[in-house]
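Novice: Below you'll find input.cif; it's mmCIF, C-alpha atoms.
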data_query
#
loop_
_atom_site.group_PDB
_atom_site.id
_atom_site.type_symbol
_atom_site.label_atom_id
_atom_site.label_comp_id
_atom_site.auth_asym_id
_atom_site.auth_seq_id
_atom_site.Cartn_x
_atom_site.Cartn_y
_atom_site.Cartn_z
ATOM 1 C CA MET A 1 24.125 -7.977 4.174
ATOM 2 C CA ASP A 2 27.698 -8.153 5.415
ATOM 3 C CA SER A 3 28.890 -7.947 8.992
ATOM 4 C CA ARG A 4 30.097 -4.372 8.477
ATOM 5 C CA THR A 5 26.548 -3.278 7.688
ATOM 6 C CA GLU A 6 25.209 -5.118 10.718
ATOM 7 C CA ALA A 7 27.826 -3.489 12.894
ATOM 8 C CA ALA A 8 26.936 -0.017 11.560
ATOM 9 C CA PHE A 9 23.241 -0.685 12.117
ATOM 10 C CA THR A 10 23.828 -2.010 15.634
ATOM 11 C CA GLU A 11 25.846 1.054 16.490
ATOM 12 C CA PHE A 12 23.122 3.290 15.073
ATOM 13 C CA VAL A 13 20.371 1.569 17.086
ATOM 14 C CA ARG A 14 22.341 1.718 20.331
ATOM 15 C CA GLY A 15 23.211 5.361 19.797
ATOM 16 C CA ARG A 16 19.757 6.619 18.781
ATOM 17 C CA TRP A 17 17.317 4.365 20.608
ATOM 18 C CA SER A 18 16.641 6.685 23.561
ATOM 19 C CA ALA A 19 16.141 9.749 21.376
ATOM 20 C CA LEU A 20 13.856 7.840 19.026
ATOM 21 C CA VAL A 21 11.697 6.574 21.872
ATOM 22 C CA ARG A 22 11.449 10.116 23.241
ATOM 23 C CA LEU A 23 10.482 11.409 19.818
ATOM 24 C CA GLY A 24 7.877 8.648 19.617
ATOM 25 C CA TYR A 25 6.584 9.572 23.061
ATOM 26 C CA GLY A 26 6.238 13.194 21.988
ATOM 27 C CA LEU A 27 4.221 12.058 18.970
ATOM 28 C CA THR A 28 2.018 9.478 20.714
ATOM 29 C CA GLY A 29 2.057 10.191 24.451
ATOM 30 C CA ASP A 30 2.487 6.477 25.119
ATOM 31 C CA GLN A 31 5.845 4.841 25.801
ATOM 32 C CA ARG A 32 4.816 1.401 24.532
ATOM 33 C CA LEU A 33 3.586 2.897 21.269
ATOM 34 C CA ALA A 34 6.687 5.060 21.085
ATOM 35 C CA GLU A 35 8.940 2.007 21.362
ATOM 36 C CA ASN A 36 6.871 0.157 18.741
ATOM 37 C CA LEU A 37 7.126 3.122 16.381
ATOM 38 C CA ALA A 38 10.876 3.312 16.847
ATOM 39 C CA ARG A 39 11.349 -0.466 16.527
ATOM 40 C CA GLY A 40 9.286 -0.599 13.319
ATOM 41 C CA ALA A 41 11.129 2.325 11.778
ATOM 42 C CA LEU A 42 14.500 0.775 12.631
ATOM 43 C CA ALA A 43 13.517 -2.554 11.078
ATOM 44 C CA LYS A 44 12.443 -0.795 7.889
ATOM 45 C CA ALA A 45 15.696 1.143 7.862
ATOM 46 C CA TYR A 46 17.710 -2.069 8.166
ATOM 47 C CA ALA A 47 15.701 -3.702 5.380
ATOM 48 C CA SER A 48 16.749 -0.887 3.024
ATOM 49 C CA TRP A 49 20.042 0.033 4.656
ATOM 50 C CA PRO A 50 22.156 0.711 1.528
ATOM 51 C CA ARG A 51 19.400 2.894 0.025
ATOM 52 C CA VAL A 52 18.869 4.639 3.381
ATOM 53 C CA ILE A 53 22.555 5.497 3.571
ATOM 54 C CA ARG A 54 22.553 6.813 -0.009
ATOM 55 C CA ALA A 55 19.381 8.862 0.570
ATOM 56 C CA GLY A 56 20.779 11.058 3.333
ATOM 57 C CA GLY A 57 21.397 8.812 6.292
ATOM 58 C CA PRO A 58 19.389 6.687 8.690
ATOM 59 C CA ASP A 59 18.479 9.565 11.026
ATOM 60 C CA VAL A 60 16.387 11.268 8.360
ATOM 61 C CA TYR A 61 14.824 8.010 7.187
ATOM 62 C CA VAL A 62 13.904 6.702 10.639
ATOM 63 C CA ARG A 63 12.500 10.046 11.750
ATOM 64 C CA ARG A 64 10.438 10.330 8.589
ATOM 65 C CA THR A 65 9.139 6.778 8.965
ATOM 66 C CA MET A 66 8.119 7.433 12.568
ATOM 67 C CA LEU A 67 6.370 10.685 11.637
ATOM 68 C CA ASN A 68 4.457 8.991 8.821
ATOM 69 C CA ALA A 69 3.462 6.086 11.053
ATOM 70 C CA SER A 70 2.275 8.384 13.842
ATOM 71 C CA HIS A 71 0.285 10.490 11.364
ATOM 72 C CA GLY A 72 -1.315 7.320 9.997
ATOM 73 C CA ARG A 73 -2.156 6.217 13.522
ATOM 74 C CA PHE A 74 -3.652 9.644 14.250
ATOM 75 C CA ARG A 75 -5.844 9.444 11.120
ATOM 76 C CA ARG A 76 -7.084 5.957 12.040
ATOM 77 C CA ARG A 77 -7.836 7.047 15.596
ATOM 78 C CA ARG A 78 -9.713 10.118 14.362
ATOM 79 C CA ALA A 79 -11.758 7.913 12.031
ATOM 80 C CA ARG A 80 -12.716 5.697 14.998
ATOM 81 C CA GLY A 81 -13.801 8.691 17.077
ATOM 82 C CA PRO A 82 -12.377 10.555 20.077
ATOM 83 C CA GLU A 83 -10.317 8.653 22.628
ATOM 84 C CA THR A 84 -12.272 8.100 25.812
ATOM 85 C CA SER A 85 -9.418 7.060 28.033
ATOM 86 C CA GLY A 86 -5.676 7.222 28.211
ATOM 87 C CA PRO A 87 -2.801 6.916 30.635
ATOM 88 C CA ASP A 88 -3.443 8.927 33.785
ATOM 89 C CA ASP A 89 0.158 9.806 34.464
ATOM 90 C CA ARG A 90 0.575 12.123 31.498
ATOM 91 C CA SER A 91 1.700 15.621 32.291
ATOM 92 C CA ALA A 92 -0.626 18.513 31.491
ATOM 93 C CA LEU A 93 1.690 19.471 28.653
ATOM 94 C CA MET A 94 1.497 16.005 27.081
ATOM 95 C CA THR A 95 -2.278 15.963 27.416
ATOM 96 C CA ALA A 96 -2.495 19.334 25.693
ATOM 97 C CA LEU A 97 0.010 18.217 23.068
ATOM 98 C CA LEU A 98 -2.033 15.116 22.256
ATOM 99 C CA ARG A 99 -5.078 17.269 21.586
ATOM 100 C CA LEU A 100 -3.234 18.977 18.740
ATOM 101 C CA PRO A 101 -3.604 17.647 15.188
ATOM 102 C CA ALA A 102 -0.781 15.279 14.250
ATOM 103 C CA GLY A 103 0.886 17.823 11.963
ATOM 104 C CA GLN A 104 0.992 20.553 14.605
ATOM 105 C CA ARG A 105 2.210 18.096 17.241
ATOM 106 C CA SER A 106 5.005 16.931 14.983
ATOM 107 C CA VAL A 107 6.065 20.514 14.360
ATOM 108 C CA VAL A 108 6.097 21.254 18.099
ATOM 109 C CA VAL A 109 8.193 18.176 18.923
ATOM 110 C CA LEU A 110 10.665 18.673 16.086
ATOM 111 C CA ARG A 111 10.959 22.417 16.505
ATOM 112 C CA TYR A 112 10.894 22.842 20.268
ATOM 113 C CA TRP A 113 12.243 19.560 21.592
ATOM 114 C CA MET A 114 14.637 18.477 18.868
ATOM 115 C CA GLU A 115 15.419 22.161 18.271
ATOM 116 C CA MET A 116 15.437 21.768 14.516
ATOM 117 C CA THR A 117 15.289 24.851 12.327
ATOM 118 C CA GLU A 118 12.100 25.642 10.440
ATOM 119 C CA ALA A 119 13.769 24.539 7.210
ATOM 120 C CA GLU A 120 14.836 21.216 8.776
ATOM 121 C CA VAL A 121 11.317 20.637 10.122
ATOM 122 C CA ALA A 122 9.885 21.413 6.691
ATOM 123 C CA GLU A 123 12.230 18.883 5.127
ATOM 124 C CA ALA A 124 11.436 16.250 7.741
ATOM 125 C CA LEU A 125 7.706 16.683 7.238
ATOM 126 C CA GLY A 126 7.877 17.175 3.486
ATOM 127 C CA CYS A 127 6.131 20.551 3.537
ATOM 128 C CA SER A 128 6.996 24.229 3.058
ATOM 129 C CA VAL A 129 8.670 26.470 5.627
ATOM 130 C CA GLY A 130 5.591 28.677 5.537
ATOM 131 C CA ARG A 131 3.426 25.754 6.566
ATOM 132 C CA VAL A 132 5.796 24.924 9.433
ATOM 133 C CA LYS A 133 5.550 28.527 10.658
ATOM 134 C CA SER A 134 1.768 28.561 10.514
ATOM 135 C CA GLN A 135 1.475 25.133 12.175
ATOM 136 C CA ALA A 136 3.849 26.194 14.955
ATOM 137 C CA SER A 137 1.965 29.433 15.504
ATOM 138 C CA ARG A 138 -1.404 27.666 15.717
ATOM 139 C CA ALA A 139 -0.004 24.981 17.985
ATOM 140 C CA LEU A 140 1.470 27.546 20.370
ATOM 141 C CA ALA A 141 -1.808 29.466 20.487
ATOM 142 C CA LYS A 142 -3.707 26.262 21.297
ATOM 143 C CA LEU A 143 -1.214 25.241 23.966
ATOM 144 C CA ARG A 144 -1.429 28.677 25.563
ATOM 145 C CA ALA A 145 -5.205 28.427 25.610
ATOM 146 C CA SER A 146 -5.205 24.825 26.816
ATOM 147 C CA GLU A 147 -7.566 24.233 29.755
ATOM 148 C CA ASN A 148 -5.263 21.695 31.375
ATOM 149 C CA LEU A 149 -2.345 24.046 31.386
ATOM 150 C CA ALA A 150 -4.533 26.851 32.737
ATOM 151 C CA GLU A 151 -5.788 24.536 35.507
ATOM 152 C CA GLU A 152 -2.252 23.788 36.574
ATOM 153 C CA ILE A 153 -1.578 27.494 36.856
ATOM 154 C CA LEU A 154 -4.544 27.818 39.220
ATOM 155 C CA LEU A 155 -3.263 24.910 41.317
ATOM 156 C CA MET B 1 2.749 25.521 34.313
ATOM 157 C CA SER B 2 1.975 27.636 31.325
ATOM 158 C CA VAL B 3 3.371 27.984 27.865
ATOM 159 C CA ALA B 4 4.555 31.555 27.846
ATOM 160 C CA ASP B 5 6.874 31.527 24.867
ATOM 161 C CA GLU B 6 8.852 29.254 22.600
ATOM 162 C CA ARG B 7 11.795 28.936 24.985
ATOM 163 C CA ASP B 8 9.420 28.053 27.788
ATOM 164 C CA LEU B 9 7.749 25.384 25.641
ATOM 165 C CA SER B 10 11.127 23.995 24.693
ATOM 166 C CA GLU B 11 12.173 23.683 28.334
ATOM 167 C CA GLN B 12 8.909 22.087 29.372
ATOM 168 C CA LEU B 13 9.057 19.586 26.515
ATOM 169 C CA SER B 14 12.618 18.662 27.420
ATOM 170 C CA GLY B 15 11.499 18.137 31.002
ATOM 171 C CA VAL B 16 8.728 15.774 29.951
ATOM 172 C CA LEU B 17 10.539 13.855 27.215
ATOM 173 C CA ASP B 18 13.922 13.595 28.902
ATOM 174 C CA ALA B 19 12.208 12.028 31.905
ATOM 175 C CA ILE B 20 11.268 9.014 29.767
ATOM 176 C CA THR B 21 13.401 5.947 30.466
ATOM 177 C CA PRO B 22 13.417 3.746 27.369
ATOM 178 C CA SER B 23 13.920 0.006 27.584
ATOM 179 C CA ALA B 24 17.163 -1.533 26.328
ATOM 180 C CA ALA B 25 17.880 -0.948 22.642
ATOM 181 C CA PRO B 26 16.267 -3.845 20.728
ATOM 182 C CA VAL B 27 19.159 -4.464 18.358
ATOM 183 C CA GLY B 28 18.415 -8.161 17.847
ATOM 184 C CA ALA B 29 14.681 -7.630 17.241
ATOM 185 C CA ALA B 30 15.331 -4.785 14.807
ATOM 186 C CA LEU B 31 17.815 -6.934 12.882
ATOM 187 C CA ARG B 32 15.424 -9.895 12.757
ATOM 188 C CA ASN B 33 12.433 -7.795 11.694
ATOM 189 C CA GLY B 34 14.528 -5.950 9.125
ATOM 190 C CA LYS B 35 15.672 -9.255 7.605
ATOM 191 C CA LEU B 36 12.062 -10.466 7.584
ATOM 192 C CA ILE B 37 10.898 -7.325 5.769
ATOM 193 C CA ARG B 38 13.703 -7.714 3.241
ATOM 194 C CA ALA B 39 12.918 -11.395 2.698
ATOM 195 C CA ARG B 40 9.215 -10.617 2.122
ATOM 196 C CA ARG B 41 10.131 -7.837 -0.283
ATOM 197 C CA ASN B 42 12.499 -10.104 -2.222
ATOM 198 C CA LEU B 43 9.821 -12.789 -2.349
ATOM 199 C CA GLY B 44 7.348 -10.255 -3.731
ATOM 200 C CA ILE B 45 9.846 -9.109 -6.356
ATOM 201 C CA THR B 46 10.589 -12.734 -7.341
ATOM 202 C CA ALA B 47 6.882 -13.542 -7.595
ATOM 203 C CA GLY B 48 6.296 -10.402 -9.663
ATOM 204 C CA LEU B 49 9.118 -11.313 -12.027
ATOM 205 C CA ALA B 50 7.796 -14.872 -12.346
ATOM 206 C CA VAL B 51 4.329 -13.559 -13.216
ATOM 207 C CA ALA B 52 5.812 -11.134 -15.735
ATOM 208 C CA ALA B 53 7.895 -13.899 -17.307
ATOM 209 C CA GLY B 54 4.824 -16.143 -17.450
ATOM 210 C CA LEU B 55 2.854 -13.418 -19.177
ATOM 211 C CA VAL B 56 5.613 -12.870 -21.703
ATOM 212 C CA VAL B 57 5.622 -16.584 -22.520
ATOM 213 C CA ALA B 58 1.845 -16.912 -22.588
ATOM 214 C CA ALA B 59 1.041 -13.608 -24.285
ATOM 215 C CA PRO B 60 1.350 -14.827 -27.894
ATOM 216 C CA GLY B 61 -1.106 -17.634 -27.131
ATOM 217 C CA LEU B 62 -3.461 -15.299 -25.308
ATOM 218 C CA LEU B 63 -3.382 -12.780 -28.102
ATOM 219 C CA HIS B 64 -3.849 -15.423 -30.778
ATOM 220 C CA HIS B 65 -7.035 -15.203 -32.726
ATOM 221 C CA PRO B 66 -7.900 -17.490 -35.618
ATOM 222 C CA THR B 67 -8.647 -14.556 -37.889
ATOM 223 C CA HIS B 68 -5.016 -13.568 -37.487
ATOM 224 C CA LEU B 69 -3.952 -16.780 -39.250
ATOM 225 C CA GLY B 70 -5.120 -15.634 -42.603
ATOM 226 C CA MET B 71 -8.460 -17.401 -42.497
ATOM 227 C CA SER B 72 -11.384 -15.638 -43.943
ATOM 228 C CA PRO B 73 -14.397 -15.460 -41.677
ATOM 229 C CA LEU B 74 -16.287 -13.740 -44.454
ATOM 230 C CA LYS B 75 -16.624 -16.765 -46.734
ATOM 231 C CA PRO B 76 -16.476 -19.882 -44.604
ATOM 232 C CA THR B 77 -17.305 -23.360 -45.797
ATOM 233 C CA VAL B 78 -20.234 -24.738 -43.884
ATOM 234 C CA ILE B 79 -20.214 -28.429 -43.068
ATOM 235 C CA VAL B 80 -23.377 -29.846 -41.622
ATOM 236 C CA ARG B 81 -23.669 -33.204 -39.884
ATOM 237 C CA PRO B 82 -26.375 -34.649 -37.743
ATOM 238 C CA GLY B 83 -26.144 -35.720 -34.126
ATOM 239 C CA CYS B 84 -23.403 -33.535 -32.708
ATOM 240 C CA ARG B 85 -22.942 -32.896 -29.023
ATOM 241 C CA SER B 86 -24.537 -29.667 -27.910
ATOM 242 C CA ASP B 87 -24.346 -27.472 -24.864
ATOM 243 C CA ARG B 88 -25.475 -24.027 -23.814
ATOM 244 C CA HIS B 89 -23.155 -22.455 -26.358
ATOM 245 C CA GLY B 90 -24.814 -24.290 -29.211
ATOM 246 C CA VAL B 91 -23.356 -27.204 -31.096
ATOM 247 C CA ARG B 92 -19.751 -28.248 -30.923
ATOM 248 C CA ALA B 93 -17.656 -30.949 -32.458
ATOM 249 C CA PRO B 94 -13.983 -31.855 -32.553
ATOM 250 C CA ALA B 95 -12.021 -30.026 -35.184
ATOM 251 C CA ARG B 96 -9.816 -31.974 -37.492
ATOM 252 C CA GLN B 97 -7.934 -28.900 -38.544
ATOM 253 C CA PRO B 98 -7.686 -25.328 -37.333
ATOM 254 C CA GLY B 99 -10.994 -23.743 -37.960
ATOM 255 C CA TRP B 100 -12.777 -20.510 -37.882
ATOM 256 C CA VAL B 101 -14.487 -20.287 -34.519
ATOM 257 C CA GLY B 102 -17.896 -18.755 -35.002
ATOM 258 C CA ARG B 103 -18.842 -18.264 -31.383
ATOM 259 C CA PRO B 104 -18.396 -17.886 -28.533
ATOM 260 C CA ALA B 105 -14.972 -16.304 -28.280
ATOM 261 C CA GLY B 106 -12.342 -18.025 -26.217
ATOM 262 C CA LEU B 107 -13.226 -21.666 -26.928
ATOM 263 C CA PRO B 108 -10.313 -24.072 -27.265
ATOM 264 C CA ALA B 109 -8.932 -24.221 -30.774
ATOM 265 C CA THR B 110 -9.707 -27.924 -30.952
ATOM 266 C CA GLU B 111 -13.418 -27.275 -30.986
ATOM 267 C CA LEU B 112 -15.534 -25.461 -33.484
ATOM 268 C CA VAL B 113 -18.863 -24.047 -32.657
ATOM 269 C CA ALA B 114 -21.686 -23.141 -34.901
ATOM 270 C CA GLY B 115 -25.309 -22.331 -34.486
ATOM 271 C CA ARG B 116 -28.164 -24.580 -33.564
ATOM 272 C CA ALA B 117 -31.721 -23.617 -34.206
ATOM 273 C CA ALA B 118 -33.293 -24.955 -31.032
ATOM 274 C CA GLY B 119 -32.826 -22.660 -28.067
ATOM 275 C CA LEU B 120 -30.845 -20.050 -29.918
ATOM 276 C CA PRO B 121 -31.945 -16.453 -29.502
ATOM 277 C CA ALA B 122 -33.389 -14.954 -32.642
ATOM 278 C CA ALA B 123 -30.563 -12.482 -32.970
ATOM 279 C CA GLU B 124 -27.926 -15.229 -32.840
ATOM 280 C CA LEU B 125 -29.873 -17.334 -35.307
ATOM 281 C CA ALA B 126 -29.986 -14.366 -37.644
ATOM 282 C CA ALA B 127 -26.266 -13.892 -37.159
ATOM 283 C CA GLY B 128 -25.716 -17.553 -37.997
ATOM 284 C CA ARG B 129 -27.639 -17.145 -41.202
ATOM 285 C CA ALA B 130 -25.725 -14.021 -42.008
ATOM 286 C CA ALA B 131 -22.484 -15.945 -41.507
ATOM 287 C CA GLY B 132 -23.528 -18.457 -44.102
ATOM 288 C CA LEU B 133 -25.190 -21.193 -42.066
ATOM 289 C CA PRO B 134 -27.970 -22.786 -44.051
ATOM 290 C CA ALA B 135 -31.301 -21.931 -42.530
ATOM 291 C CA ALA B 136 -32.808 -25.338 -43.197
ATOM 292 C CA GLU B 137 -30.075 -27.138 -41.296
ATOM 293 C CA LEU B 138 -30.237 -24.691 -38.454
ATOM 294 C CA ALA B 139 -33.961 -25.070 -38.221
ATOM 295 C CA ALA B 140 -33.573 -28.841 -38.094
ATOM 296 C CA GLY B 141 -31.250 -28.474 -35.096
ATOM 297 C CA ARG B 142 -28.405 -30.159 -36.905
ATOM 298 C CA CYS B 143 -24.779 -29.616 -36.376
ATOM 299 C CA ALA B 144 -23.163 -26.981 -38.465
ATOM 300 C CA TRP B 145 -19.676 -25.818 -38.239
ATOM 301 C CA LEU B 146 -17.582 -23.492 -40.194
ATOM 302 C CA MET B 147 -14.325 -24.325 -41.868
ATOM 303 C CA PRO B 148 -11.892 -21.879 -43.340
#
Go ahead and express the file in the form of structure tokens.
Specialist:
Amino acid sequence: MDSRTEAAFTEFVRGRWSALVRLGYGLTGDQRLAENLARGALAKAYASWPRVIRAGGPDVYVRRTMLNASHGRFRRRRARGPETSGPDDRSALMTALLRLPAGQRSVVVLRYWMEMTEAEVAEALGCSVGRVKSQASRALAKLRASENLAEEILL
Amino acid sequence: MSVADERDLSEQLSGVLDAITPSAAPVGAALRNGKLIRARRNLGITAGLAVAAGLVVAAPGLLHHPTHLGMSPLKPTVIVRPGCRSDRHGVRAPARQPGWVGRPAGLPATELVAGRAAGLPAAELAAGRAAGLPAAELAAGRCAWLMP
């Protein structure tokens, strides 16, 4: 690839890195994993840069790649059994968020942190708007009922 | 802390996620890994094309079957000679000209195979007779091969 492409990619990485790591943290609850997710998605984007640009831009591609990777990780973890330990410094909200199924967690992060519209979330996740609404509604209900969050209220 | 409504959730999420301090943007690593992925992909494509090209070249040979050459397996000439080399497939001998391969399928075209009485299952022996092999020669364990 030519130097112009490398320059565009470099600019993209520098401009989006923080947001991508934060998105990854919202999906995984672990900064190291978040950075790995973002790094892997960026490498894949660079490998297919011309196609990525043609297909709607690197933002969409990288976000989609990260979502797919985090969903795959969630499925593998679920197959291995429940997690017995994790970082202790997570906030109550992150702990509750990580208890949600990957799909609901993704909807929460995209909808309420990235402030995407329901249609944009549906496009990012490759599902219908109706499914986004139902996932968001279930996720909110679970978060409201979360024991950790309730405990913090008592404290 | 409680999640009262969507706005509340949004604010709490921003509080948590915006507090994250990412490491420096890994531009160099992303470029290197991206190039590596692309190189592997190109290698895979090249290997795939090479295999496809190989198949295209080899396909006529693989698809070749002696019966496709106009030989008649229905009325073969049977030549019987004593003392031929034998193996688990039966008896085999070098072919002096392209021949009709009786069995088994897939033997090199330079070798012809026919039946041998000793050690042959009854069904195969019967098939050999049906194909025109003389029963007396088969029973004697002699070499018999079929010519077009």
Novice: Please measure the separation of atom CA of Arg4 of chain A and atom CA of Val62 of chain A, giving the value in Å to one decimal.
Specialist: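 Result for atom CA of Arg4 of chain A versus atom CA of Val62 of chain A: 19.7 Å, one decimal.
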Novice: Please report the interatomic distance between atom CA of Trp113 of chain A and atom CA of Asp18 of chain B in Å with one decimal.
Specialist: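 Value for the atom CA of Trp113 of chain A-atom CA of Asp18 of chain B distance: 9.6 Å.
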Novice: Compute the chain A side of the contact with chain B at 9 Å, counting only C-alpha atoms, and hand it back as a PyMOL selection string.
Specialist: chain A and resi 6+9-11+13-19+21-23+25-26+31+35+39-48+91-94+108-109+111-115+140+143-146+149-153
Novice: Which one of A:Ala7, A:Ala136, A:Leu110, A:Leu33 sits closest to Arg64 of chain A if you count all atoms listed in the file?
Specialist: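 Going through A:Ala7, A:Ala136, A:Leu110, A:Leu33 one by one, the smallest distance to Arg64 of chain A is for A:Leu110.
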Novice: Quick one: pull the distance between atom CA of Val52 of chain A and atom CA of Arg76 of chain A, Å, one decimal.
Specialist: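 One can read the atom CA of Val52 of chain A to atom CA of Arg76 of chain A distance as 27.4 Å.
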Novice: Do a neighbour search on Gly24 of chain A at 7 Å with all atoms listed in the file, toss out local chain neighbours closer than 4 positions, and write the hits as a PDB file with C-alpha atoms, keeping the file's coordinate frame.
Specialist:
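Result file follows (out-v1.pdb):
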ATOM      1  CA  LEU A  20      13.856   7.840  19.026  1.00  0.00           C
ATOM      2  CA  THR A  28       2.018   9.478  20.714  1.00  0.00           C
ATOM      3  CA  ALA A  34       6.687   5.060  21.085  1.00  0.00           C
ATOM      4  CA  GLU A  35       8.940   2.007  21.362  1.00  0.00           C
ATOM      5  CA  LEU A  37       7.126   3.122  16.381  1.00  0.00           C
ATOM      6  CA  ALA A  38      10.876   3.312  16.847  1.00  0.00           C
TER       7      ALA A  38
END
Novice: Taking the file as I've supplied it (selection: the PyMOL selection byres ((chain A and resi 126-135) around 10)), which residues are included? Please answer as a list of chain:residue names.
Specialist: A:Arg64, A:Pro101, A:Gly103, A:Gln104, A:Arg105, A:Ser106, A:Val107, A:Val108, A:Arg111, A:Thr117, A:Glu118, A:Ala119, A:Glu120, A:Val121, A:Ala122, A:Glu123, A:Ala124, A:Leu125, A:Ala136, A:Ser137, A:Arg138, A:Ala139, A:Leu140, A:Ala141
